[in-house]
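Engineer: Input data.cif, format and content: mmCIF, C-alpha atoms.
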```
data_work
#
loop_
_atom_site.label_atom_id
_atom_site.label_comp_id
_atom_site.auth_asym_id
_atom_site.auth_seq_id
_atom_site.Cartn_x
_atom_site.Cartn_y
_atom_site.Cartn_z
CA MET A 1 0.00 0.00 0.00
CA ALA A 2 1.11 3.56 -0.65
CA LYS A 3 0.28 6.46 1.59
CA ILE A 4 -0.27 9.63 -0.39
CA GLN A 5 -1.76 13.08 -0.05
CA LEU A 6 -4.54 13.81 -2.53
CA ASN A 7 -5.96 17.33 -2.62
CA GLY A 8 -4.76 17.88 0.93
CA LYS A 9 -6.25 14.63 2.26
CA LYS A 10 -4.19 11.68 3.43
CA ILE A 11 -5.30 8.49 1.68
CA THR A 12 -3.98 4.99 1.14
CA ILE A 13 -3.98 3.36 -2.27
CA ASN A 14 -2.66 0.12 -3.78
CA GLN A 15 0.88 -0.16 -5.06
CA LYS A 16 1.56 0.35 -8.79
CA VAL A 17 -1.46 2.50 -9.37
CA SER A 18 -1.11 5.08 -12.17
CA LEU A 19 -2.58 8.58 -12.34
CA PHE A 20 -4.92 7.21 -14.99
CA ASP A 21 -6.17 4.57 -12.50
CA LEU A 22 -6.57 7.24 -9.83
CA LEU A 23 -8.85 9.30 -12.09
CA LYS A 24 -10.86 6.19 -12.84
CA LYS A 25 -11.23 5.44 -9.12
CA TYR A 26 -12.71 8.89 -8.55
CA LYS A 27 -14.78 8.79 -11.77
CA LEU A 28 -13.02 11.84 -13.19
CA ASP A 29 -12.83 12.66 -16.88
CA LYS A 30 -9.22 13.46 -17.84
CA LYS A 31 -10.45 16.08 -20.29
CA LYS A 32 -11.93 18.07 -17.41
CA VAL A 33 -9.02 18.03 -14.96
CA ALA A 34 -5.32 18.83 -14.59
CA ILE A 35 -2.92 17.00 -12.28
CA GLU A 36 0.05 18.22 -10.33
CA LEU A 37 2.38 15.58 -8.89
CA ASN A 38 4.82 16.76 -6.21
CA GLY A 39 4.65 20.30 -7.57
CA SER A 40 5.07 19.47 -11.26
CA ILE A 41 2.27 19.46 -13.80
CA ILE A 42 1.89 16.10 -15.53
CA SER A 43 0.70 16.19 -19.13
CA LYS A 44 -2.37 14.13 -19.95
CA SER A 45 -0.43 11.83 -22.27
CA ARG A 46 1.66 10.59 -19.31
CA TYR A 47 -1.18 9.65 -16.94
CA LYS A 48 -1.03 5.94 -17.81
CA LYS A 49 2.72 5.66 -17.40
CA LYS A 50 3.03 7.71 -14.24
CA LEU A 51 2.85 5.39 -11.23
CA ILE A 52 2.05 6.73 -7.78
CA LYS A 53 4.66 6.22 -5.06
CA ASN A 54 4.57 6.39 -1.28
CA ASP A 55 4.53 9.99 0.08
CA ASP A 56 3.46 11.51 -3.27
CA LYS A 57 1.55 14.76 -3.09
CA ILE A 58 -1.11 14.95 -5.77
CA GLU A 59 -3.42 17.81 -6.67
CA ILE A 60 -6.30 17.27 -9.07
CA VAL A 61 -7.98 20.51 -10.15
CA HIS A 62 -10.87 21.51 -12.38
CA PHE A 63 -12.78 24.62 -13.35
CA ILE A 64 -15.45 26.01 -11.09
CA GLY A 65 -17.51 29.20 -11.19
CA GLY A 66 -15.46 32.34 -10.63
CA GLY A 67 -15.30 36.04 -11.41
CA MET B 68 -19.94 51.75 -41.61
CA LYS B 69 -17.25 49.18 -40.89
CA LYS B 70 -18.47 46.33 -38.72
CA ASP B 71 -17.66 47.04 -35.08
CA LYS B 72 -15.51 44.10 -34.02
CA PHE B 73 -14.27 43.27 -30.54
CA LYS B 74 -10.96 41.49 -30.80
CA ILE B 75 -8.82 40.18 -27.94
CA ALA B 76 -5.57 38.35 -28.66
CA ASN B 77 -6.66 37.71 -32.28
CA GLN B 78 -10.00 36.23 -31.24
CA ILE B 79 -13.18 37.99 -32.26
CA LEU B 80 -15.85 38.07 -29.58
CA GLU B 81 -19.48 38.56 -30.50
CA SER B 82 -20.29 40.40 -27.29
CA ARG B 83 -18.44 43.16 -25.46
CA LEU B 84 -19.83 41.83 -22.22
CA ILE B 85 -17.73 39.19 -20.45
CA VAL B 86 -19.35 37.59 -17.43
CA GLY B 87 -18.03 35.85 -14.35
CA THR B 88 -19.52 32.53 -13.24
CA GLY B 89 -19.10 32.84 -9.48
CA LYS B 90 -21.58 33.60 -6.67
CA TYR B 91 -24.64 32.03 -8.33
CA LYS B 92 -27.08 29.81 -6.43
CA ASN B 93 -26.27 26.81 -8.62
CA PHE B 94 -24.89 25.92 -12.06
CA LYS B 95 -28.33 26.00 -13.60
CA GLU B 96 -28.76 29.63 -12.65
CA THR B 97 -25.21 30.35 -13.85
CA ALA B 98 -25.97 28.86 -17.26
CA MET B 99 -29.26 30.74 -17.57
CA ALA B 100 -27.67 34.07 -16.64
CA VAL B 101 -24.78 33.54 -19.06
CA LYS B 102 -27.25 32.78 -21.83
CA ALA B 103 -29.37 35.84 -21.06
CA SER B 104 -26.26 38.06 -21.00
CA GLY B 105 -25.35 37.10 -24.56
CA ALA B 106 -21.69 36.86 -23.48
CA SER B 107 -19.34 34.81 -25.63
CA MET B 108 -16.64 34.62 -22.96
CA VAL B 109 -16.89 33.66 -19.28
CA THR B 110 -14.33 33.71 -16.50
CA VAL B 111 -13.76 30.53 -14.51
CA ALA B 112 -11.66 29.65 -11.48
CA VAL B 113 -9.30 26.72 -10.94
CA ARG B 114 -9.89 24.73 -7.75
CA ARG B 115 -9.35 21.30 -6.23
CA VAL B 116 -11.74 18.55 -7.32
CA ASN B 117 -13.97 17.39 -4.48
CA ILE B 118 -12.75 13.83 -4.00
CA THR B 119 -15.20 12.94 -1.26
CA ASP B 120 -18.31 13.66 -3.34
CA LYS B 121 -18.06 11.91 -6.69
CA LYS B 122 -21.50 13.01 -7.80
CA LYS B 123 -20.92 16.74 -7.43
CA PRO B 124 -22.00 18.56 -10.63
CA LEU B 125 -19.33 20.12 -12.83
CA LEU B 126 -19.39 23.58 -14.39
CA MET B 127 -18.41 22.08 -17.75
CA ASP B 128 -21.62 20.05 -17.78
CA TYR B 129 -23.60 23.30 -17.73
CA LEU B 130 -21.38 25.60 -19.80
CA ASP B 131 -19.84 23.84 -22.77
CA PRO B 132 -16.31 25.22 -23.36
CA ARG B 133 -16.68 24.41 -27.06
CA LYS B 134 -19.62 26.80 -27.27
CA ILE B 135 -18.51 29.55 -24.92
CA LYS B 136 -14.93 30.68 -24.42
CA TYR B 137 -13.52 29.95 -20.99
CA LEU B 138 -11.23 32.60 -19.57
CA PRO B 139 -9.41 30.93 -16.64
CA ASN B 140 -8.60 33.37 -13.86
CA THR B 141 -6.31 33.42 -10.85
CA ALA B 142 -8.90 34.67 -8.37
CA GLY B 143 -7.75 34.13 -4.82
CA CYS B 144 -4.04 34.24 -5.66
CA PHE B 145 -1.98 36.58 -3.52
CA SER B 146 1.45 35.99 -5.08
CA SER B 147 3.00 35.66 -8.49
CA SER B 148 3.98 32.02 -7.89
CA GLU B 149 0.39 31.04 -6.96
CA ALA B 150 -0.96 32.81 -10.05
CA LEU B 151 1.56 31.17 -12.37
CA ARG B 152 0.86 27.74 -10.90
CA THR B 153 -2.89 28.22 -11.41
CA LEU B 154 -2.63 29.35 -15.02
CA ARG B 155 -0.18 26.62 -16.00
CA LEU B 156 -2.66 24.08 -14.62
CA ALA B 157 -5.46 25.79 -16.56
CA ARG B 158 -3.43 25.51 -19.74
CA GLU B 159 -2.85 21.81 -19.14
CA MET B 160 -6.55 21.27 -18.56
CA GLY B 161 -7.62 22.13 -22.06
CA GLY B 162 -5.01 24.18 -23.80
CA TRP B 163 -6.30 27.56 -22.61
CA LYS B 164 -3.75 30.18 -23.53
CA THR B 165 -5.95 33.22 -23.15
CA VAL B 166 -6.16 33.83 -19.43
CA LYS B 167 -7.03 36.46 -16.87
CA LEU B 168 -4.30 37.38 -14.43
CA GLU B 169 -5.39 38.71 -11.06
CA VAL B 170 -2.94 38.92 -8.17
CA LEU B 171 -4.52 40.36 -5.07
CA GLY B 172 -2.65 42.34 -2.47
CA ASP B 173 -5.10 42.81 0.36
CA LYS B 174 -7.82 40.52 1.71
CA LYS B 175 -10.09 43.34 2.78
CA THR B 176 -10.11 45.58 -0.30
CA LEU B 177 -9.11 42.86 -2.80
CA LEU B 178 -7.05 45.52 -4.58
CA PRO B 179 -4.47 44.13 -6.99
CA ASP B 180 -0.81 43.81 -6.00
CA MET B 181 0.72 45.52 -9.01
CA ILE B 182 4.29 44.51 -8.28
CA GLU B 183 3.36 40.81 -8.29
CA THR B 184 1.05 41.42 -11.26
CA ILE B 185 3.83 42.95 -13.37
CA LYS B 186 6.20 40.14 -12.39
CA SER B 187 3.64 37.51 -13.43
CA THR B 188 2.75 39.25 -16.70
CA LYS B 189 6.41 39.13 -17.79
CA VAL B 190 6.66 35.37 -17.18
CA LEU B 191 3.29 34.52 -18.73
CA VAL B 192 3.94 36.50 -21.92
CA LYS B 193 7.29 34.74 -22.24
CA GLU B 194 5.56 31.36 -21.87
CA GLY B 195 3.20 32.19 -24.73
CA PHE B 196 0.09 33.06 -22.73
CA LYS B 197 -2.31 35.75 -23.95
CA VAL B 198 -2.81 37.64 -20.72
CA LEU B 199 -5.73 39.87 -19.81
CA VAL B 200 -4.53 41.74 -16.76
CA TYR B 201 -6.64 42.93 -13.86
CA CYS B 202 -5.02 46.11 -12.56
CA THR B 203 -5.43 49.33 -10.66
CA ASP B 204 -6.66 52.39 -12.57
CA ASP B 205 -3.17 53.89 -12.71
CA PRO B 206 -2.37 54.94 -16.31
CA LEU B 207 1.40 54.54 -15.84
CA LEU B 208 1.08 50.97 -14.59
CA ALA B 209 -1.43 50.18 -17.33
CA LYS B 210 1.11 51.40 -19.89
CA ARG B 211 3.78 49.27 -18.27
CA LEU B 212 1.56 46.19 -18.63
CA GLU B 213 0.87 46.97 -22.28
CA ASP B 214 4.60 47.39 -22.97
CA LEU B 215 5.22 43.99 -21.36
CA GLY B 216 2.84 42.39 -23.85
CA ALA B 217 -0.51 42.20 -22.05
CA SER B 218 -3.33 41.33 -24.47
CA ALA B 219 -5.85 43.50 -22.64
CA ILE B 220 -5.80 45.97 -19.78
CA MET B 221 -8.48 45.40 -17.17
CA PRO B 222 -8.60 48.29 -14.73
CA LEU B 223 -10.98 48.13 -11.81
CA ALA B 224 -13.92 50.50 -11.58
CA SER B 225 -13.85 50.03 -7.78
CA PRO B 226 -13.03 47.04 -5.50
CA ILE B 227 -14.19 43.56 -6.54
CA GLY B 228 -17.77 42.91 -5.51
CA SER B 229 -18.27 46.44 -4.13
CA GLY B 230 -20.80 47.58 -6.72
CA LEU B 231 -19.56 51.17 -6.39
CA GLY B 232 -19.18 51.84 -10.11
CA ILE B 233 -16.37 53.84 -11.74
CA GLN B 234 -14.61 55.88 -9.06
CA ASN B 235 -11.90 57.54 -11.13
CA LYS B 236 -13.22 58.49 -14.55
CA ILE B 237 -10.21 60.67 -15.33
CA ASN B 238 -7.77 57.79 -14.88
CA ILE B 239 -9.94 55.37 -16.84
CA SER B 240 -10.19 57.93 -19.68
CA LEU B 241 -6.41 58.35 -19.70
CA ILE B 242 -5.97 54.57 -19.89
CA ILE B 243 -8.46 54.34 -22.77
CA LYS B 244 -6.71 57.15 -24.68
CA GLN B 245 -3.21 55.71 -24.36
CA SER B 246 -3.95 51.98 -24.87
CA LYS B 247 -3.54 50.19 -28.16
CA VAL B 248 -4.83 46.91 -26.69
CA PRO B 249 -8.46 46.54 -25.50
CA VAL B 250 -9.43 48.17 -22.21
CA ILE B 251 -11.99 46.17 -20.27
CA ILE B 252 -13.47 47.44 -17.03
CA ASP B 253 -13.22 44.68 -14.48
CA ALA B 254 -14.60 44.76 -10.95
CA GLY B 255 -16.83 47.19 -9.11
CA ILE B 256 -19.65 47.67 -11.61
CA GLY B 257 -22.88 47.73 -9.58
CA THR B 258 -25.69 48.13 -12.04
CA ALA B 259 -26.45 48.36 -15.76
CA SER B 260 -26.00 52.13 -16.03
CA ASP B 261 -22.43 51.79 -14.68
CA ALA B 262 -21.66 49.53 -17.64
CA THR B 263 -23.23 51.98 -20.07
CA ILE B 264 -21.10 54.80 -18.65
CA ALA B 265 -17.95 52.69 -19.07
CA MET B 266 -18.85 51.87 -22.66
CA GLU B 267 -19.78 55.49 -23.47
CA MET B 268 -16.37 56.56 -22.21
CA GLY B 269 -14.83 54.31 -24.84
CA CYS B 270 -14.00 51.12 -22.97
CA ASP B 271 -13.79 48.14 -25.30
CA GLY B 272 -15.69 45.85 -22.96
CA VAL B 273 -16.79 45.18 -19.40
CA LEU B 274 -16.50 42.16 -17.14
CA ILE B 275 -19.39 41.62 -14.74
CA ASN B 276 -19.97 39.04 -12.07
CA SER B 277 -21.42 40.19 -8.73
CA ALA B 278 -23.75 42.81 -10.24
CA ILE B 279 -25.56 40.03 -12.10
CA ALA B 280 -25.18 37.13 -9.66
CA LYS B 281 -26.17 39.19 -6.63
CA ALA B 282 -29.20 40.89 -8.23
CA LYS B 283 -32.60 39.74 -6.93
CA ASN B 284 -33.33 38.45 -10.41
CA PRO B 285 -29.97 37.52 -11.96
CA ILE B 286 -31.43 36.39 -15.29
CA LEU B 287 -33.24 39.68 -15.88
CA MET B 288 -30.18 41.62 -14.74
CA ALA B 289 -28.01 39.66 -17.18
CA GLN B 290 -30.31 40.75 -19.99
CA SER B 291 -30.23 44.31 -18.69
CA PHE B 292 -26.40 44.29 -18.85
CA LYS B 293 -26.52 42.93 -22.38
CA ASN B 294 -28.62 45.91 -23.44
CA ALA B 295 -26.59 48.36 -21.36
CA VAL B 296 -23.32 47.36 -23.01
CA ILE B 297 -24.79 47.49 -26.53
CA SER B 298 -26.40 50.83 -25.73
CA GLY B 299 -23.21 52.33 -24.32
CA ARG B 300 -21.16 51.16 -27.28
CA GLN B 301 -23.64 52.56 -29.80
CA SER B 302 -23.71 55.83 -27.91
CA TYR B 303 -19.90 56.00 -27.94
CA LEU B 304 -19.76 55.27 -31.67
CA SER B 305 -22.49 57.84 -32.39
CA GLY B 306 -20.51 60.69 -30.82
CA ARG B 307 -22.60 62.56 -28.31
CA MET B 308 -23.81 66.16 -28.72
CA LYS B 309 -21.86 69.01 -27.19
CA LYS B 310 -22.85 70.19 -23.73
CA ASN B 311 -24.15 73.79 -23.55
CA PHE B 312 -24.53 76.12 -20.61
CA PHE B 313 -27.82 77.51 -21.93
CA GLY B 314 -30.98 76.07 -23.41
CA SER B 315 -31.40 75.51 -27.12
CA PRO B 316 -34.98 75.11 -28.46
CA SER B 317 -35.79 71.85 -30.20
CA SER B 318 -38.50 73.45 -32.40
CA PRO B 319 -37.73 76.13 -35.02
CA ILE B 320 -38.16 79.78 -33.95
CA LYS B 321 -39.16 80.88 -37.47
CA GLY B 322 -42.90 80.98 -38.16
CA ILE B 323 -44.00 81.26 -34.56
CA ILE B 324 -47.62 82.49 -34.48
#
```
Go through the file and emit its structure as structure tokens.

Structural biologist:
Amino acid sequence: MAKIQLNGKKITINQKVSLFDLLKKYKLDKKKVAIELNGSIISKSRYKKKLIKNDDKIEIVHFIGGG
Amino acid sequence: MKKDKFKIANQILESRLIVGTGKYKNFKETAMAVKASGASMVTVAVRRVNITDKKKPLLMDYLDPRKIKYLPNTAGCFSSSEALRTLRLAREMGGWKTVKLEVLGDKKTLLPDMIETIKSTKVLVKEGFKVLVYCTDDPLLAKRLEDLGASAIMPLASPIGSGLGIQNKINISLIIKQSKVPVIIDAGIGTASDATIAMEMGCDGVLINSAIAKAKNPILMAQSFKNAVISGRQSYLSGRMKKNFFGSPSSPIKGII
């Protein structure tokens, strides 16, 4: 198991899970989000290859209403 | 007469009214107000996805970014690094290169921090962003932003969400006169007539959020702003009559019985 921080929340996920799998787990459409992994933006084409490690800090963002 | 086109960063917008999508009761009301406003561009904010509630509705399900242009903003950012991070994420989300930069300097007045704003504009222009910059109504700073490559200058009328209307007409006029890029009034417009005044002064556009979202009837107010902006623009293009100190009769004097 890997302990990670997702959007400020501490969660535990299985080993060898990719960013693509993480989006699937939370039912998120990759076209509607952007991901930052440990402070770096990961391009959408790399979601499948990028595996999540212990202690990773992940931010998943989307657009909301704003002025 | 040549067709009156509103162009920002090589994109032609059908409407000179840009609307914000915050502060509405729900996304349905947001979508209805946007539609009634006739706007072809809306501002949106970048925030964390709610991971605990998978069924939470998404803005994109109500406002299709293929039909209406999204203008990602940096609302809530108080430093250059936060603003840059936000806009780089926005670009990754869907290739948005036209963005609104807003770096705030004070939580109470929400006035922009112009030092951080200038710093961010430099970096964003270098990275290929088309930046619409929220700024104070200082003509010298507005000129500085234009020289740095800002795609539009967005001076405030008064503080964000204050509804106080244009507080410094002289400065706004100076900014309009000197700018070669569009000048869009952003923040502080309270009601439709404020927007008309801005457009009559020669602003290229206005950005409205609170004045519509916080009206008792946001949908009707959105429509009102649509008309106000068209009206103000037409009035500006028409060239108003000269002001006189004395009266001038509207009916001919000759032939009075």

Engineer: Can you work out which one of A:Lys49, A:Lys32, A:Lys10, A:Lys24 has the shortest atom-to-atom distance to chain B, counting only C-alpha atoms?

Structural biologist: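 Comparing A:Lys49, A:Lys32, A:Lys10, A:Lys24 against chain B, the winner is A:Lys32.
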
Engineer: Since I can't run it myself right now, could you work out what the PyMOL selection byres ((chain A) within 6 of (chain B)) selects here and report it as a CSV table (one decimal) with C-alpha atoms, keeping the file's coordinate frame?

Structural biologist:
```csv
chain,number,residue,atom,x,y,z
A,33,VAL,CA,-9.0,18.0,-15.0
A,34,ALA,CA,-5.3,18.8,-14.6
A,60,ILE,CA,-6.3,17.3,-9.1
A,61,VAL,CA,-8.0,20.5,-10.2
A,62,HIS,CA,-10.9,21.5,-12.4
A,63,PHE,CA,-12.8,24.6,-13.4
A,64,ILE,CA,-15.4,26.0,-11.1
A,65,GLY,CA,-17.5,29.2,-11.2
A,66,GLY,CA,-15.5,32.3,-10.6
A,67,GLY,CA,-15.3,36.0,-11.4
```

Engineer: Might you spell out which residues the PyMOL selection byres ((chain A and resi 6-9) around 6) would select in the displayed file, as a PyMOL selection string?

Structural biologist: chain A and resi 5+10+58-59

Engineer: At a cut-off of 7 Å, using all atoms listed in the file, what residues contact Pro222 (chain B)? Leave out same-chain residues fewer than 5 positions from it and give the result as a PyMOL selection string.

Structural biologist: chain B and resi 201-204+251-253

Engineer: Can you pull out every residue within 9 Å of region 174-184 of chain B, counting all atoms listed in the file, but drop anything in the same chain fewer than 4 positions away, and send it as a list in words?

Structural biologist: Phe145, Ser146, Ser147, Ser148, Ala150, Leu168, Glu169, Val170, Thr188, Lys189, Val200, Tyr201, Cys202, Thr203, Leu208, Leu212, Leu223, Ser225, Pro226 and Ile227 of chain B

Engineer: Take the residues just selected and output them with C-alpha atoms as a short mmCIF file (atom, residue, chain, number, x, y, z; two decimals), in the frame of the given file.

Structural biologist:
```cif
data_model
loop_
_atom_site.label_atom_id
_atom_site.label_comp_id
_atom_site.auth_asym_id
_atom_site.auth_seq_id
_atom_site.Cartn_x
_atom_site.Cartn_y
_atom_site.Cartn_z
CA PHE B 145 -1.98 36.58 -3.52
CA SER B 146 1.45 35.99 -5.08
CA SER B 147 3.00 35.66 -8.49
CA SER B 148 3.98 32.02 -7.89
CA ALA B 150 -0.96 32.81 -10.05
CA LEU B 168 -4.30 37.38 -14.43
CA GLU B 169 -5.39 38.71 -11.06
CA VAL B 170 -2.94 38.92 -8.17
CA THR B 188 2.75 39.25 -16.70
CA LYS B 189 6.41 39.13 -17.79
CA VAL B 200 -4.53 41.74 -16.76
CA TYR B 201 -6.64 42.93 -13.86
CA CYS B 202 -5.02 46.11 -12.56
CA THR B 203 -5.43 49.33 -10.66
CA LEU B 208 1.08 50.97 -14.59
CA LEU B 212 1.56 46.19 -18.63
CA LEU B 223 -10.98 48.13 -11.81
CA SER B 225 -13.85 50.03 -7.78
CA PRO B 226 -13.03 47.04 -5.50
CA ILE B 227 -14.19 43.56 -6.54
#
```

Engineer: Kindly give the distance, in Å, that separates CA of Ala76 (chain B) and CA of Gly306 (chain B), rounded to a single decimal.

Structural biologist: 27.0 Å

Engineer: To one decimal place in Å, what is the distance between CA of Thr258 (chain B) and CA of Val198 (chain B)?

Structural biologist: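 Atom-to-atom, CA of Thr258 (chain B) and CA of Val198 (chain B) are spaced 26.6 Å apart.
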
Engineer: Between B:Leu191, B:Ile239, B:Cys144, B:Ala262, single out the one closest to Met288 (chain B), counting only C-alpha atoms.

Structural biologist: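 Between B:Leu191, B:Ile239, B:Cys144, B:Ala262, the residue approaching Met288 (chain B) most closely is B:Ala262.
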
Engineer: Which residue, B:Ile323, B:Met108, B:Leu151, B:Ala103, has the smallest gap to Ile41 (chain A) when you use all atoms listed in the file?

Structural biologist: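 Using all atoms listed in the file, the shortest distance to Ile41 (chain A) belongs to B:Leu151.
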
Engineer: In Å, with one decimal, what is the gap from CA of Thr263 (chain B) to CA of Met99 (chain B)?

Structural biologist: 22.2 Å

Engineer: For the file shown, what are the residues hit by the PyMOL selection byres ((chain B and resi 107) around 7), laid out as a VMD selection string?

Structural biologist: chain B and resid 80 to 82 85 105 to 106 108 to 109 135 to 136

Engineer: Go through B:Ile279, B:Arg133, B:Glu96, B:Gly269 one by one, measure the shortest atom-to-atom distance of each to Arg307 (chain B) using only C-alpha atoms, and give the residue with the smallest value.

Structural biologist: B:Gly269
